[in-house]
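J.: Pasting run32.txt here (compact mmCIF, C-alpha atoms and all ligand atoms):
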```txt
# COMPACT_ATOMS: atom_id res chain seq x y z
CA MET V 1129 -23.03 4.24 18.28
CA PRO V 1130 -26.23 3.18 16.43
CA LYS V 1131 -25.93 0.72 13.56
CA VAL V 1132 -24.65 2.44 10.42
CA ASP V 1133 -25.27 1.60 6.77
CA SER V 1134 -21.61 1.06 5.87
CA LEU V 1135 -18.27 0.74 7.54
CA ILE V 1136 -15.33 1.43 5.25
CA ILE V 1137 -11.89 0.14 6.22
CA GLY V 1138 -8.98 2.31 5.04
CA GLU V 1139 -8.49 5.95 4.06
CA GLY V 1140 -6.42 5.27 0.96
CA PRO V 1141 -7.69 6.36 -2.47
CA ALA V 1142 -10.26 3.51 -2.57
CA GLY V 1143 -11.71 4.12 0.90
CA VAL V 1144 -11.77 7.92 0.57
CA THR V 1145 -13.62 7.70 -2.75
CA ALA V 1146 -16.09 5.12 -1.44
CA ALA V 1147 -16.79 7.31 1.60
CA LEU V 1148 -17.39 10.39 -0.56
CA TYR V 1149 -19.83 8.58 -2.81
CA LEU V 1150 -21.74 6.77 -0.05
CA ALA V 1151 -22.03 9.79 2.26
CA ARG V 1152 -23.15 11.99 -0.64
CA SER V 1153 -25.87 9.44 -1.45
CA GLY V 1154 -27.22 9.83 2.10
CA CYS V 1155 -25.99 6.58 3.63
CA SER V 1156 -24.57 6.69 7.15
CA VAL V 1157 -20.88 5.84 6.97
CA VAL V 1158 -18.05 5.17 9.40
CA LEU V 1159 -14.63 5.47 7.77
CA ALA V 1160 -11.91 3.72 9.76
CA GLU V 1161 -8.17 4.33 9.42
CA GLN V 1162 -5.33 3.01 11.55
CA MET V 1163 -2.78 5.61 10.49
CA THR V 1164 -3.54 8.73 8.46
CA THR V 1165 -5.37 9.64 5.25
CA GLY V 1166 -3.60 8.68 2.03
CA GLY V 1167 -2.48 5.07 2.30
CA GLN V 1168 0.36 4.21 -0.01
CA ILE V 1169 0.35 7.57 -1.73
CA LEU V 1170 2.13 8.84 1.37
CA ALA V 1171 5.05 6.66 0.29
CA THR V 1172 4.98 8.07 -3.24
CA SER V 1173 7.32 10.94 -4.00
CA SER V 1174 5.45 12.24 -7.02
CA LEU V 1175 2.51 10.96 -9.03
CA GLU V 1176 2.82 11.80 -12.67
CA ASN V 1177 -0.01 9.68 -14.02
CA TYR V 1178 -3.01 10.99 -12.10
CA PRO V 1179 -5.24 13.01 -14.46
CA GLY V 1180 -5.56 16.71 -13.77
CA TYR V 1181 -1.99 17.21 -12.59
CA PRO V 1182 0.08 17.66 -15.76
CA GLN V 1183 3.12 18.71 -13.71
CA GLY V 1184 2.64 15.77 -11.31
CA ILE V 1185 1.64 16.01 -7.67
CA LYS V 1186 3.52 14.96 -4.55
CA GLY V 1187 1.97 12.01 -2.70
CA TYR V 1188 1.52 13.91 0.55
CA GLU V 1189 -0.11 16.84 -1.29
CA LEU V 1190 -2.69 14.54 -2.88
CA ALA V 1191 -3.27 12.90 0.52
CA ASP V 1192 -3.92 16.36 2.04
CA LEU V 1193 -6.41 17.10 -0.74
CA PHE V 1194 -8.17 13.78 -0.12
CA ALA V 1195 -8.41 14.61 3.60
CA ALA V 1196 -9.75 18.10 2.81
CA HIS V 1197 -12.42 16.59 0.56
CA LEU V 1198 -13.75 14.53 3.50
CA GLN V 1199 -14.00 17.53 5.83
CA GLY V 1200 -17.51 18.46 6.85
CA LEU V 1201 -19.27 15.74 4.84
CA GLU V 1202 -22.69 14.98 6.22
CA HIS V 1203 -23.45 11.35 7.16
CA LEU V 1204 -19.73 10.58 7.53
CA GLU V 1205 -17.98 9.75 10.78
CA ARG V 1206 -14.24 9.15 10.92
CA LYS V 1207 -12.82 6.60 13.35
CA SER V 1208 -9.13 6.21 14.19
CA GLY V 1209 -7.84 2.74 14.92
CA ALA V 1210 -7.05 -0.63 13.44
CA VAL V 1211 -9.85 -3.03 12.59
CA THR V 1212 -9.06 -6.45 14.06
CA GLN V 1213 -12.16 -8.44 13.10
CA VAL V 1214 -15.12 -8.39 10.74
CA ALA V 1215 -17.89 -10.81 11.68
CA GLY V 1216 -21.59 -11.34 10.99
CA GLU V 1217 -23.68 -11.46 7.87
CA ALA V 1218 -25.43 -9.25 5.32
CA GLY V 1219 -27.28 -6.46 7.08
CA ASN V 1220 -25.82 -7.32 10.45
CA PHE V 1221 -22.04 -7.05 10.74
CA THR V 1222 -19.91 -6.28 13.78
CA VAL V 1223 -16.52 -4.70 13.22
CA THR V 1224 -14.09 -4.84 16.14
CA PHE V 1225 -11.17 -2.47 16.64
CA GLN V 1226 -7.85 -2.92 18.40
CA ASP V 1227 -9.11 -0.90 21.39
CA LYS V 1228 -12.00 -3.43 21.63
CA SER V 1229 -14.61 -0.91 20.48
CA VAL V 1230 -17.24 -2.33 18.13
CA VAL V 1231 -19.22 -0.79 15.28
CA SER V 1232 -22.43 -2.43 13.99
CA CYS V 1233 -23.14 -1.98 10.31
CA ARG V 1234 -25.24 -3.31 7.46
CA SER V 1235 -22.39 -3.52 4.93
CA VAL V 1236 -18.58 -3.50 4.95
CA LEU V 1237 -16.31 -2.02 2.30
CA VAL V 1238 -12.81 -3.41 2.58
CA CYS V 1239 -10.28 -0.87 1.26
CA SER V 1240 -7.31 -1.87 3.39
CA GLY V 1241 -4.87 -2.02 0.48
CA ALA V 1242 -1.59 -3.83 0.35
CA LYS V 1243 1.77 -3.52 2.03
CA HIS V 1244 5.35 -4.25 1.21
CA ARG V 1245 6.46 -7.83 1.53
CA LYS V 1246 9.36 -8.61 3.84
CA LEU V 1247 12.64 -9.87 2.46
CA GLY V 1248 12.73 -12.78 4.89
CA VAL V 1249 16.38 -12.38 5.91
CA GLU V 1250 17.55 -12.84 9.49
CA ARG V 1251 17.54 -9.62 11.60
CA GLU V 1252 15.16 -7.80 9.20
CA GLU V 1253 12.67 -7.10 11.99
CA GLU V 1254 15.34 -6.10 14.52
CA LEU V 1255 17.01 -3.65 12.12
CA THR V 1256 13.79 -2.09 10.81
CA GLY V 1257 14.10 1.58 11.66
CA HIS V 1258 17.86 1.08 12.07
CA GLY V 1259 18.75 0.97 8.41
CA VAL V 1260 16.11 -1.44 7.09
CA SER V 1261 13.29 0.49 5.39
CA TYR V 1262 10.39 -0.03 3.02
CA CYS V 1263 9.93 3.66 2.19
CA ALA V 1264 12.66 5.76 0.59
CA LEU V 1265 10.52 8.87 0.70
CA CYS V 1266 10.06 8.50 4.45
CA ASP V 1267 13.61 7.49 5.38
CA GLY V 1268 15.89 8.39 2.47
CA ASN V 1269 16.86 11.75 3.94
CA PHE V 1270 18.44 10.07 6.98
CA PHE V 1271 21.06 8.63 4.66
CA ARG V 1272 22.06 11.75 2.77
CA GLY V 1273 25.52 11.29 1.26
CA LYS V 1274 25.75 7.65 2.41
CA PRO V 1275 25.88 4.36 0.48
CA VAL V 1276 22.57 2.44 0.46
CA ALA V 1277 21.05 -0.67 -1.13
CA VAL V 1278 17.73 -1.13 -2.89
CA VAL V 1279 16.24 -4.60 -3.41
CA GLY V 1280 13.72 -5.47 -6.13
CA GLY V 1281 13.12 -5.45 -9.84
CA GLY V 1282 9.75 -3.73 -10.31
CA ASN V 1283 8.61 -0.13 -10.72
CA ALA V 1284 8.69 0.59 -6.98
CA ALA V 1285 12.34 -0.46 -6.62
CA LEU V 1286 13.53 1.59 -9.60
CA GLU V 1287 11.30 4.57 -8.92
CA GLU V 1288 12.60 4.76 -5.37
CA SER V 1289 16.19 4.32 -6.60
CA LEU V 1290 15.70 7.36 -8.82
CA TYR V 1291 14.43 9.30 -5.83
CA LEU V 1292 17.36 8.17 -3.67
CA ALA V 1293 19.89 8.99 -6.38
CA ASN V 1294 19.37 12.69 -5.61
CA ILE V 1295 20.15 12.16 -1.95
CA VAL V 1296 22.61 9.34 -1.32
CA ASP V 1297 26.21 8.75 -2.37
CA LYS V 1298 25.84 5.33 -3.97
CA ILE V 1299 23.08 2.81 -4.63
CA HIS V 1300 23.60 -0.96 -4.77
CA LEU V 1301 20.59 -2.23 -6.70
CA ILE V 1302 20.03 -5.93 -6.06
CA HIS V 1303 17.68 -8.04 -8.13
CA ARG V 1304 17.32 -11.82 -8.21
CA ARG V 1305 16.80 -11.99 -11.99
CA ASP V 1306 18.89 -10.76 -14.91
CA THR V 1307 16.25 -8.34 -16.25
CA PHE V 1308 13.95 -5.81 -14.60
CA ARG V 1309 10.14 -5.83 -14.73
CA ALA V 1310 10.10 -2.06 -14.26
CA ARG V 1311 9.53 0.64 -16.88
CA LYS V 1312 12.47 0.73 -19.26
CA THR V 1313 12.87 4.50 -18.88
CA TYR V 1314 13.57 4.03 -15.15
CA TYR V 1315 16.28 1.48 -15.91
CA ASP V 1316 17.77 3.68 -18.64
CA ARG V 1317 17.95 6.68 -16.29
CA LEU V 1318 19.65 4.65 -13.55
CA SER V 1319 22.08 3.02 -16.00
CA ALA V 1320 23.11 6.47 -17.22
CA MET V 1321 24.27 7.42 -13.72
CA GLY V 1322 27.58 5.54 -14.04
CA ASP V 1323 29.33 4.58 -10.78
CA LYS V 1324 26.55 5.99 -8.66
CA VAL V 1325 24.40 2.90 -9.27
CA VAL V 1326 25.93 -0.57 -8.97
CA PHE V 1327 23.71 -3.34 -10.37
CA HIS V 1328 23.85 -6.75 -8.66
CA LEU V 1329 21.77 -8.98 -10.97
CA ASP V 1330 20.94 -12.67 -10.40
CA SER V 1331 21.62 -11.89 -6.76
CA GLN V 1332 19.93 -11.87 -3.40
CA VAL V 1333 20.63 -10.34 -0.03
CA THR V 1334 21.51 -13.12 2.40
CA LYS V 1335 22.85 -11.17 5.39
CA LEU V 1336 22.10 -7.97 7.25
CA LEU V 1337 25.16 -6.91 9.24
CA GLY V 1338 25.79 -4.31 11.93
CA VAL V 1339 25.65 -3.97 15.70
CA LYS V 1340 22.77 -1.63 16.52
CA ASP V 1341 22.40 -0.13 13.06
CA LEU V 1342 22.85 -1.67 9.64
CA SER V 1343 26.43 -1.22 8.38
CA ALA V 1344 26.74 -3.79 5.58
CA ILE V 1345 24.85 -6.46 3.67
CA GLY V 1346 25.90 -9.84 2.32
CA ILE V 1347 24.98 -10.50 -1.33
CA SER V 1348 24.99 -13.96 -2.90
CA ASN V 1349 25.03 -14.50 -6.63
CA LEU V 1350 22.36 -17.08 -7.45
CA LYS V 1351 24.14 -18.31 -10.60
CA THR V 1352 27.80 -18.46 -9.51
CA GLY V 1353 27.36 -18.83 -5.75
CA ALA V 1354 29.83 -15.96 -5.19
CA TYR V 1355 29.35 -14.04 -1.94
CA GLU V 1356 30.38 -10.46 -1.21
CA GLU V 1357 29.78 -7.93 1.52
CA VAL V 1358 29.16 -4.28 0.71
CA ASN V 1359 29.06 -1.40 3.17
CA VAL V 1360 25.67 0.32 3.21
CA GLU V 1361 23.90 2.26 5.93
CA ALA V 1362 20.42 1.52 4.68
CA ILE V 1363 18.57 -1.07 2.65
CA PHE V 1364 15.26 -0.20 0.97
CA ILE V 1365 13.17 -3.28 0.25
CA TYR V 1366 10.67 -3.50 -2.63
CA VAL V 1367 10.01 -7.18 -3.22
CA GLY V 1368 6.29 -7.13 -3.76
CA PHE V 1369 3.01 -6.50 -2.07
CA GLU V 1370 0.78 -8.54 0.11
CA PRO V 1371 -2.87 -7.77 0.75
CA VAL V 1372 -3.93 -6.62 4.23
CA THR V 1373 -6.64 -9.18 5.01
CA THR V 1374 -5.85 -10.77 8.39
CA PHE V 1375 -9.00 -9.36 10.06
CA LEU V 1376 -11.40 -10.73 7.44
CA PRO V 1377 -13.53 -13.91 7.58
CA GLU V 1378 -11.83 -17.08 6.36
CA GLU V 1379 -14.77 -17.78 4.00
CA LEU V 1380 -14.04 -14.62 1.98
CA GLU V 1381 -12.75 -15.85 -1.38
CA ARG V 1382 -9.13 -14.96 -2.17
CA ASP V 1383 -6.88 -15.62 -5.17
CA PRO V 1384 -3.70 -17.72 -4.82
CA GLN V 1385 -1.75 -14.59 -3.78
CA GLY V 1386 -4.31 -13.81 -1.07
CA PHE V 1387 -6.01 -10.85 -2.82
CA ILE V 1388 -9.82 -10.70 -2.49
CA VAL V 1389 -11.84 -11.93 -5.44
CA THR V 1390 -14.69 -9.64 -6.52
CA ASP V 1391 -17.04 -9.32 -9.46
CA THR V 1392 -17.03 -6.17 -11.60
CA GLU V 1393 -19.29 -4.44 -9.06
CA MET V 1394 -16.74 -5.07 -6.25
CA ARG V 1395 -19.04 -7.62 -4.61
CA THR V 1396 -17.25 -10.45 -2.82
CA ASN V 1397 -18.63 -13.96 -2.38
CA LEU V 1398 -20.08 -12.84 0.99
CA PRO V 1399 -23.20 -10.68 0.54
CA GLY V 1400 -22.80 -7.24 2.11
CA ILE V 1401 -18.99 -7.30 1.97
CA PHE V 1402 -17.38 -5.32 -0.87
CA ALA V 1403 -13.69 -4.88 -1.66
CA ALA V 1404 -12.02 -2.04 -3.55
CA GLY V 1405 -8.51 -0.94 -4.47
CA ASP V 1406 -5.22 -2.77 -4.10
CA ILE V 1407 -6.75 -5.35 -1.75
CA ARG V 1408 -8.63 -7.02 -4.57
CA SER V 1409 -7.47 -9.44 -7.23
CA LYS V 1410 -6.84 -7.36 -10.38
CA LEU V 1411 -4.31 -6.39 -13.01
CA CYS V 1412 -3.58 -2.73 -12.36
CA ARG V 1413 -2.90 -1.34 -8.86
CA GLN V 1414 -2.82 2.44 -9.09
CA VAL V 1415 -4.45 5.47 -7.45
CA ILE V 1416 -6.85 5.93 -10.35
CA THR V 1417 -7.99 2.30 -10.34
CA ALA V 1418 -8.34 2.28 -6.54
CA ALA V 1419 -10.49 5.41 -6.71
CA GLY V 1420 -12.55 3.86 -9.54
CA ASP V 1421 -13.07 0.70 -7.50
CA GLY V 1422 -14.10 2.83 -4.52
CA ALA V 1423 -16.80 4.59 -6.54
CA THR V 1424 -18.11 1.30 -7.95
CA ALA V 1425 -18.10 -0.38 -4.53
CA ALA V 1426 -20.04 2.55 -3.06
CA GLN V 1427 -22.68 2.34 -5.77
CA ALA V 1428 -22.95 -1.45 -5.36
CA ALA V 1429 -23.26 -1.02 -1.58
CA PHE V 1430 -25.96 1.62 -2.13
CA VAL V 1431 -27.96 -0.84 -4.28
CA PHE V 1432 -27.43 -3.57 -1.68
CA LEU V 1433 -28.68 -1.28 1.11
CA GLU V 1434 -31.72 -0.25 -0.92
CA GLN V 1435 -32.64 -3.91 -1.40
CA LEU V 1436 -32.07 -4.58 2.29
CA HIS V 1437 -34.35 -1.74 3.32
CA GLY V 1438 -36.78 -2.48 0.51
C1 LIG Y 1 6.32 3.66 -3.67
C2 LIG Y 1 4.98 3.68 -4.39
C3 LIG Y 1 4.82 4.46 -5.53
C4 LIG Y 1 3.58 4.50 -6.20
N1 LIG Y 1 3.45 5.31 -7.29
C5 LIG Y 1 2.23 5.43 -7.88
C6 LIG Y 1 2.04 6.34 -8.97
O1 LIG Y 1 2.97 7.05 -9.39
N2 LIG Y 1 0.80 6.43 -9.52
C7 LIG Y 1 -0.25 5.66 -9.07
O2 LIG Y 1 -1.34 5.82 -9.60
N3 LIG Y 1 -0.09 4.79 -8.06
C8 LIG Y 1 1.12 4.64 -7.45
N4 LIG Y 1 1.29 3.75 -6.42
C9 LIG Y 1 0.18 2.82 -6.09
C10 LIG Y 1 -0.94 3.49 -5.31
O3 LIG Y 1 -0.39 4.24 -4.24
C11 LIG Y 1 -1.88 2.41 -4.80
O4 LIG Y 1 -2.37 1.68 -5.90
C12 LIG Y 1 -3.07 3.02 -4.07
O5 LIG Y 1 -2.65 3.80 -2.98
C13 LIG Y 1 -4.00 1.92 -3.55
O6 LIG Y 1 -5.03 2.53 -2.85
P1 LIG Y 1 -5.92 1.70 -1.80
O7 LIG Y 1 -6.88 2.67 -1.23
O8 LIG Y 1 -6.43 0.48 -2.42
O9 LIG Y 1 -4.93 1.18 -0.66
P2 LIG Y 1 -3.82 1.89 0.22
O10 LIG Y 1 -3.29 3.09 -0.43
O11 LIG Y 1 -2.88 0.78 0.57
O12 LIG Y 1 -4.61 2.35 1.54
C14 LIG Y 1 -5.10 1.40 2.46
C15 LIG Y 1 -5.36 2.09 3.79
O13 LIG Y 1 -6.01 1.17 4.67
C16 LIG Y 1 -5.48 1.32 5.98
N5 LIG Y 1 -5.67 0.06 6.72
C17 LIG Y 1 -5.13 -1.16 6.42
N6 LIG Y 1 -5.53 -2.08 7.31
C18 LIG Y 1 -6.33 -1.43 8.20
C19 LIG Y 1 -7.03 -1.86 9.36
N7 LIG Y 1 -6.99 -3.13 9.80
N8 LIG Y 1 -7.73 -0.94 10.05
C20 LIG Y 1 -7.78 0.37 9.64
N9 LIG Y 1 -7.13 0.82 8.54
C21 LIG Y 1 -6.43 -0.07 7.83
C22 LIG Y 1 -4.01 1.62 5.72
O14 LIG Y 1 -3.39 2.24 6.85
C23 LIG Y 1 -4.09 2.54 4.50
O15 LIG Y 1 -4.20 3.90 4.87
C24 LIG Y 1 2.50 3.71 -5.73
C25 LIG Y 1 2.67 2.91 -4.58
C26 LIG Y 1 3.88 2.91 -3.91
C27 LIG Y 1 4.04 2.07 -2.66
```
The structure given in the file should be rewritten as structure tokens.

T.:
Amino acid sequence: MPKVDSLIIGEGPAGVTAALYLARSGCSVVLAEQMTTGGQILATSSLENYPGYPQGIKGYELADLFAAHLQGLEHLERKSGAVTQVAGEAGNFTVTFQDKSVVSCRSVLVCSGAKHRKLGVEREEELTGHGVSYCALCDGNFFRGKPVAVVGGGNAALEESLYLANIVDKIHLIHRRDTFRARKTYYDRLSAMGDKVVFHLDSQVTKLLGVKDLSAIGISNLKTGAYEEVNVEAIFIYVGFEPVTTFLPEELERDPQGFIVTDTEMRTNLPGIFAAGDIRSKLCRQVITAAGDGATAAQAAFVFLEQLHG
């Protein structure tokens, strides 16, 4: 493949938007994705805060619309696979994929997003897919009518608990503090469900129990030290996000949480590398802000490429 103007990593809202803008401006673009178009919106039951959809839109429906928008775009090539390394310098980058293929490009737009943080409890890895999950929308249906646990205190944990409440028999909601960071309306709706939702505050999950599949969890109260075991067939974990940056150069500036630092034009400290969406250090991580970042990054990359050619 000849050298292209830009390689964009990730087909989430940021990467899709950046690809649309750059390809429409006539730049040659490779858009790389390791899974399928949509990113985290595929884990979102319904988006009610994306303008233009007053009744809300399901995550997978928006992802399908994003994919449709990319169809047939001139100057755009899609590439399936995981990027494992970005190396080189402004105007002359090499991007390596898991299958060892390499793409040469003049600029790189990093839109690889963020992923759910692990709980860090023994057997978490082993039981993933056997009761341990990070996506209620994907896996909730397997536990119809069963007791489950949800861990976390932010919007994701409570939003997913509301989704699960329509499916499962009982939810044990475990949070290490005594108040939630999530929207109050979410908490109010869960509280109003009576016995269906059992709150375990000031608590953490310390054991995952079961032979082949999860059958119970151990919960320790952080204030009293009390320990109890509750029978659940699934645990849905929402204890924060971490940026997906392992394939990027060490010299790329990150904040203390590991998110990429950019200026307002999405430029990183390394010329020719731009970052957009949840991957970057910022206040608000949403579809609309990721798409906005993608558009800005594309415009900044366009200016960079013009100067390079100039
Ligand atoms: C449960 C949940 C509910 C949410 N609800 C809402 C909501 O109601 N409204 C809202 O606005 N936002 C919501 N969000 C947040 C929103 O989904 C994110 O802010 C947005 O998707 C971020 O977009 P992004 O493009 O930056 O990254 P992502 O969506 O994370 O996409 C990144 C993409 O990059 C790909 N990728 C990563 N690494 C590589 C690699 N090495 N090689 C190739 N591809 C790679 C990933 O597979 C992924 O497709 C929710 C998120 C979650 C998890």

J.: Residues of chain V that have any atom at most 7 Å from an atom of ligand LIG 1 (chain Y): could you tabulate them with the shortest-distance atom pair and the distance in Å to one decimal, using only C-alpha atoms and all ligand atoms, ordered by chain and increasing number, as CSV?

T.:
```
residue,atom,partner,partner_atom,distance
V:Ile1137,CA,Y:LIG1,N9,5.3
V:Gly1138,CA,Y:LIG1,O13,3.2
V:Glu1139,CA,Y:LIG1,O15,4.8
V:Gly1140,CA,Y:LIG1,O7,3.4
V:Pro1141,CA,Y:LIG1,O7,4.0
V:Ala1142,CA,Y:LIG1,O7,3.7
V:Gly1143,CA,Y:LIG1,O7,5.5
V:Ala1160,CA,Y:LIG1,C20,5.3
V:Glu1161,CA,Y:LIG1,N9,3.8
V:Gln1162,CA,Y:LIG1,C20,4.1
V:Met1163,CA,Y:LIG1,O14,5.0
V:Thr1164,CA,Y:LIG1,O15,6.1
V:Thr1165,CA,Y:LIG1,O15,5.9
V:Gly1166,CA,Y:LIG1,O15,5.6
V:Gly1167,CA,Y:LIG1,O15,3.3
V:Gln1168,CA,Y:LIG1,O10,3.8
V:Ile1169,CA,Y:LIG1,O3,4.2
V:Ala1171,CA,Y:LIG1,C1,5.1
V:Thr1172,CA,Y:LIG1,C3,4.3
V:Ser1174,CA,Y:LIG1,O1,6.2
V:Leu1175,CA,Y:LIG1,O1,4.0
V:Glu1176,CA,Y:LIG1,O1,5.8
V:Asn1177,CA,Y:LIG1,N2,5.6
V:Tyr1178,CA,Y:LIG1,O2,6.0
V:Gly1209,CA,Y:LIG1,C20,5.8
V:Ala1210,CA,Y:LIG1,N8,3.5
V:Val1211,CA,Y:LIG1,N8,3.9
V:Thr1212,CA,Y:LIG1,N7,5.8
V:Cys1239,CA,Y:LIG1,O8,5.5
V:Ser1240,CA,Y:LIG1,O13,3.5
V:Gly1241,CA,Y:LIG1,O9,3.4
V:Ala1242,CA,Y:LIG1,O11,4.8
V:Lys1243,CA,Y:LIG1,O11,6.5
V:Cys1263,CA,Y:LIG1,C1,6.9
V:Ala1284,CA,Y:LIG1,C1,5.1
V:Glu1288,CA,Y:LIG1,C1,6.6
V:Val1372,CA,Y:LIG1,N6,5.7
V:Phe1375,CA,Y:LIG1,N7,6.6
V:Ala1404,CA,Y:LIG1,O8,6.2
V:Gly1405,CA,Y:LIG1,O8,3.2
V:Asp1406,CA,Y:LIG1,O8,3.9
V:Ile1407,CA,Y:LIG1,O8,5.9
V:Arg1413,CA,Y:LIG1,O4,4.3
V:Gln1414,CA,Y:LIG1,O4,3.3
V:Val1415,CA,Y:LIG1,O2,3.8
V:Ile1416,CA,Y:LIG1,O2,5.6
V:Ala1418,CA,Y:LIG1,O8,4.9
```

J.: Quick one: of V:Ala1419, V:Ile1185, V:Leu1342, V:Ala1310, who's nearest to His1258 in chain V, counting all atoms listed in the file?

T.: V:Leu1342

J.: Work out how far apart CA of Gly1200 in chain V and CA of Gln1435 in chain V are and give it in Å to one decimal.

T.: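 CA of Gln1435 in chain V lies 28.2 Å from CA of Gly1200 in chain V.
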
J.: Sort by chain and increasing residue number a table of all residues of range 1207-1266 of chain V within 6 Å of range 1358-1367 of chain V, each with its closest pair of atoms and their distance in Å to one decimal, counting all atoms listed in the file, and write it as JSON lines.

T.:
```
{"residue": "V:Arg1245", "atom": "CA", "partner": "V:Val1367", "partner_atom": "CA", "distance": 6.0}
{"residue": "V:Gly1259", "atom": "CA", "partner": "V:Ala1362", "partner_atom": "CA", "distance": 4.1}
{"residue": "V:Val1260", "atom": "CA", "partner": "V:Ile1363", "partner_atom": "CA", "distance": 5.1}
{"residue": "V:Ser1261", "atom": "CA", "partner": "V:Phe1364", "partner_atom": "CA", "distance": 4.9}
{"residue": "V:Tyr1262", "atom": "CA", "partner": "V:Ile1365", "partner_atom": "CA", "distance": 5.1}
```

J.: With distances taken over all atoms listed in the file, which residue among V:Ala1151, V:Ala1354, V:Cys1266, V:Ala1277 lies nearest Ala1429 in chain V?

T.: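 Nearest to Ala1429 in chain V: V:Ala1151.
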
J.: Work out where the centre of an axis-aligned box around every listed atom of range 1355-1369 of chain V lies and how long its edges are once 6 Å is added on each side; give both in Å to one decimal as AutoDock Vina command-line options.

T.:
```
--center_x 16.7 --center_y -5.9 --center_z 1.1 --size_x 39.4 --size_y 28.3 --size_z 21.7
```

J.: I'd like the interatomic distance between CA of Arg1206 in chain V and CA of Leu1159 in chain V, to a tenth of an Å.

T.: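 Computing it gives 4.9 Å between the two atoms.
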
J.: Applying 7 Å and all atoms listed in the file, which residues near Val1278 in chain V remain after dropping the ones on its own chain fewer than 2 positions away? List them as a ChimeraX atom specification.

T.: /V:1276,1280,1285,1289,1299-1302,1363-1365

J.: For the atom pair CA of Pro1399 in chain V and CA of Thr1145 in chain V, what is the interatomic distance in Å to one decimal place?

T.: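 Separation between CA of Pro1399 in chain V and CA of Thr1145 in chain V: 21.0 Å.
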
J.: What's the 8 Å shell around Arg1251 in chain V, counting all atoms listed in the file, without same-chain residues fewer than 3 positions away, as number ranges by chain?

T.: V: 1254-1255, 1336

J.: Quick one: range 1316-1330 of chain V with N, CA and C atoms, as a compact mmCIF listing (two decimals), keeping the file's coordinate frame?

T.:
```
# COMPACT_ATOMS: atom_id res chain seq x y z
N ASP V 1316 16.86 2.89 -17.80
CA ASP V 1316 17.77 3.68 -18.64
C ASP V 1316 18.34 4.85 -17.84
N ARG V 1317 17.48 5.51 -17.05
CA ARG V 1317 17.95 6.68 -16.29
C ARG V 1317 18.96 6.26 -15.21
N LEU V 1318 18.71 5.11 -14.59
CA LEU V 1318 19.65 4.65 -13.55
C LEU V 1318 20.96 4.19 -14.17
N SER V 1319 20.87 3.50 -15.31
CA SER V 1319 22.08 3.02 -16.00
C SER V 1319 22.98 4.18 -16.39
N ALA V 1320 22.34 5.31 -16.74
CA ALA V 1320 23.11 6.47 -17.22
C ALA V 1320 23.85 7.18 -16.09
N MET V 1321 23.64 6.71 -14.85
CA MET V 1321 24.27 7.42 -13.72
C MET V 1321 25.68 6.93 -13.41
N GLY V 1322 26.19 6.01 -14.21
CA GLY V 1322 27.58 5.54 -14.04
C GLY V 1322 27.80 4.86 -12.71
N ASP V 1323 28.91 5.25 -12.02
CA ASP V 1323 29.33 4.58 -10.78
C ASP V 1323 28.34 4.74 -9.63
N LYS V 1324 27.48 5.71 -9.76
CA LYS V 1324 26.55 5.99 -8.66
C LYS V 1324 25.64 4.79 -8.38
N VAL V 1325 25.29 4.05 -9.44
CA VAL V 1325 24.40 2.90 -9.27
C VAL V 1325 25.15 1.62 -9.67
N VAL V 1326 25.26 0.70 -8.70
CA VAL V 1326 25.93 -0.57 -8.97
C VAL V 1326 24.85 -1.65 -9.05
N PHE V 1327 24.74 -2.31 -10.19
CA PHE V 1327 23.71 -3.34 -10.37
C PHE V 1327 24.26 -4.70 -9.93
N HIS V 1328 23.50 -5.38 -9.07
CA HIS V 1328 23.85 -6.75 -8.66
C HIS V 1328 22.71 -7.64 -9.16
N LEU V 1329 22.85 -8.17 -10.38
CA LEU V 1329 21.77 -8.98 -10.97
C LEU V 1329 21.96 -10.44 -10.60
N ASP V 1330 20.91 -11.25 -10.79
CA ASP V 1330 20.94 -12.67 -10.40
C ASP V 1330 21.42 -12.83 -8.96
```
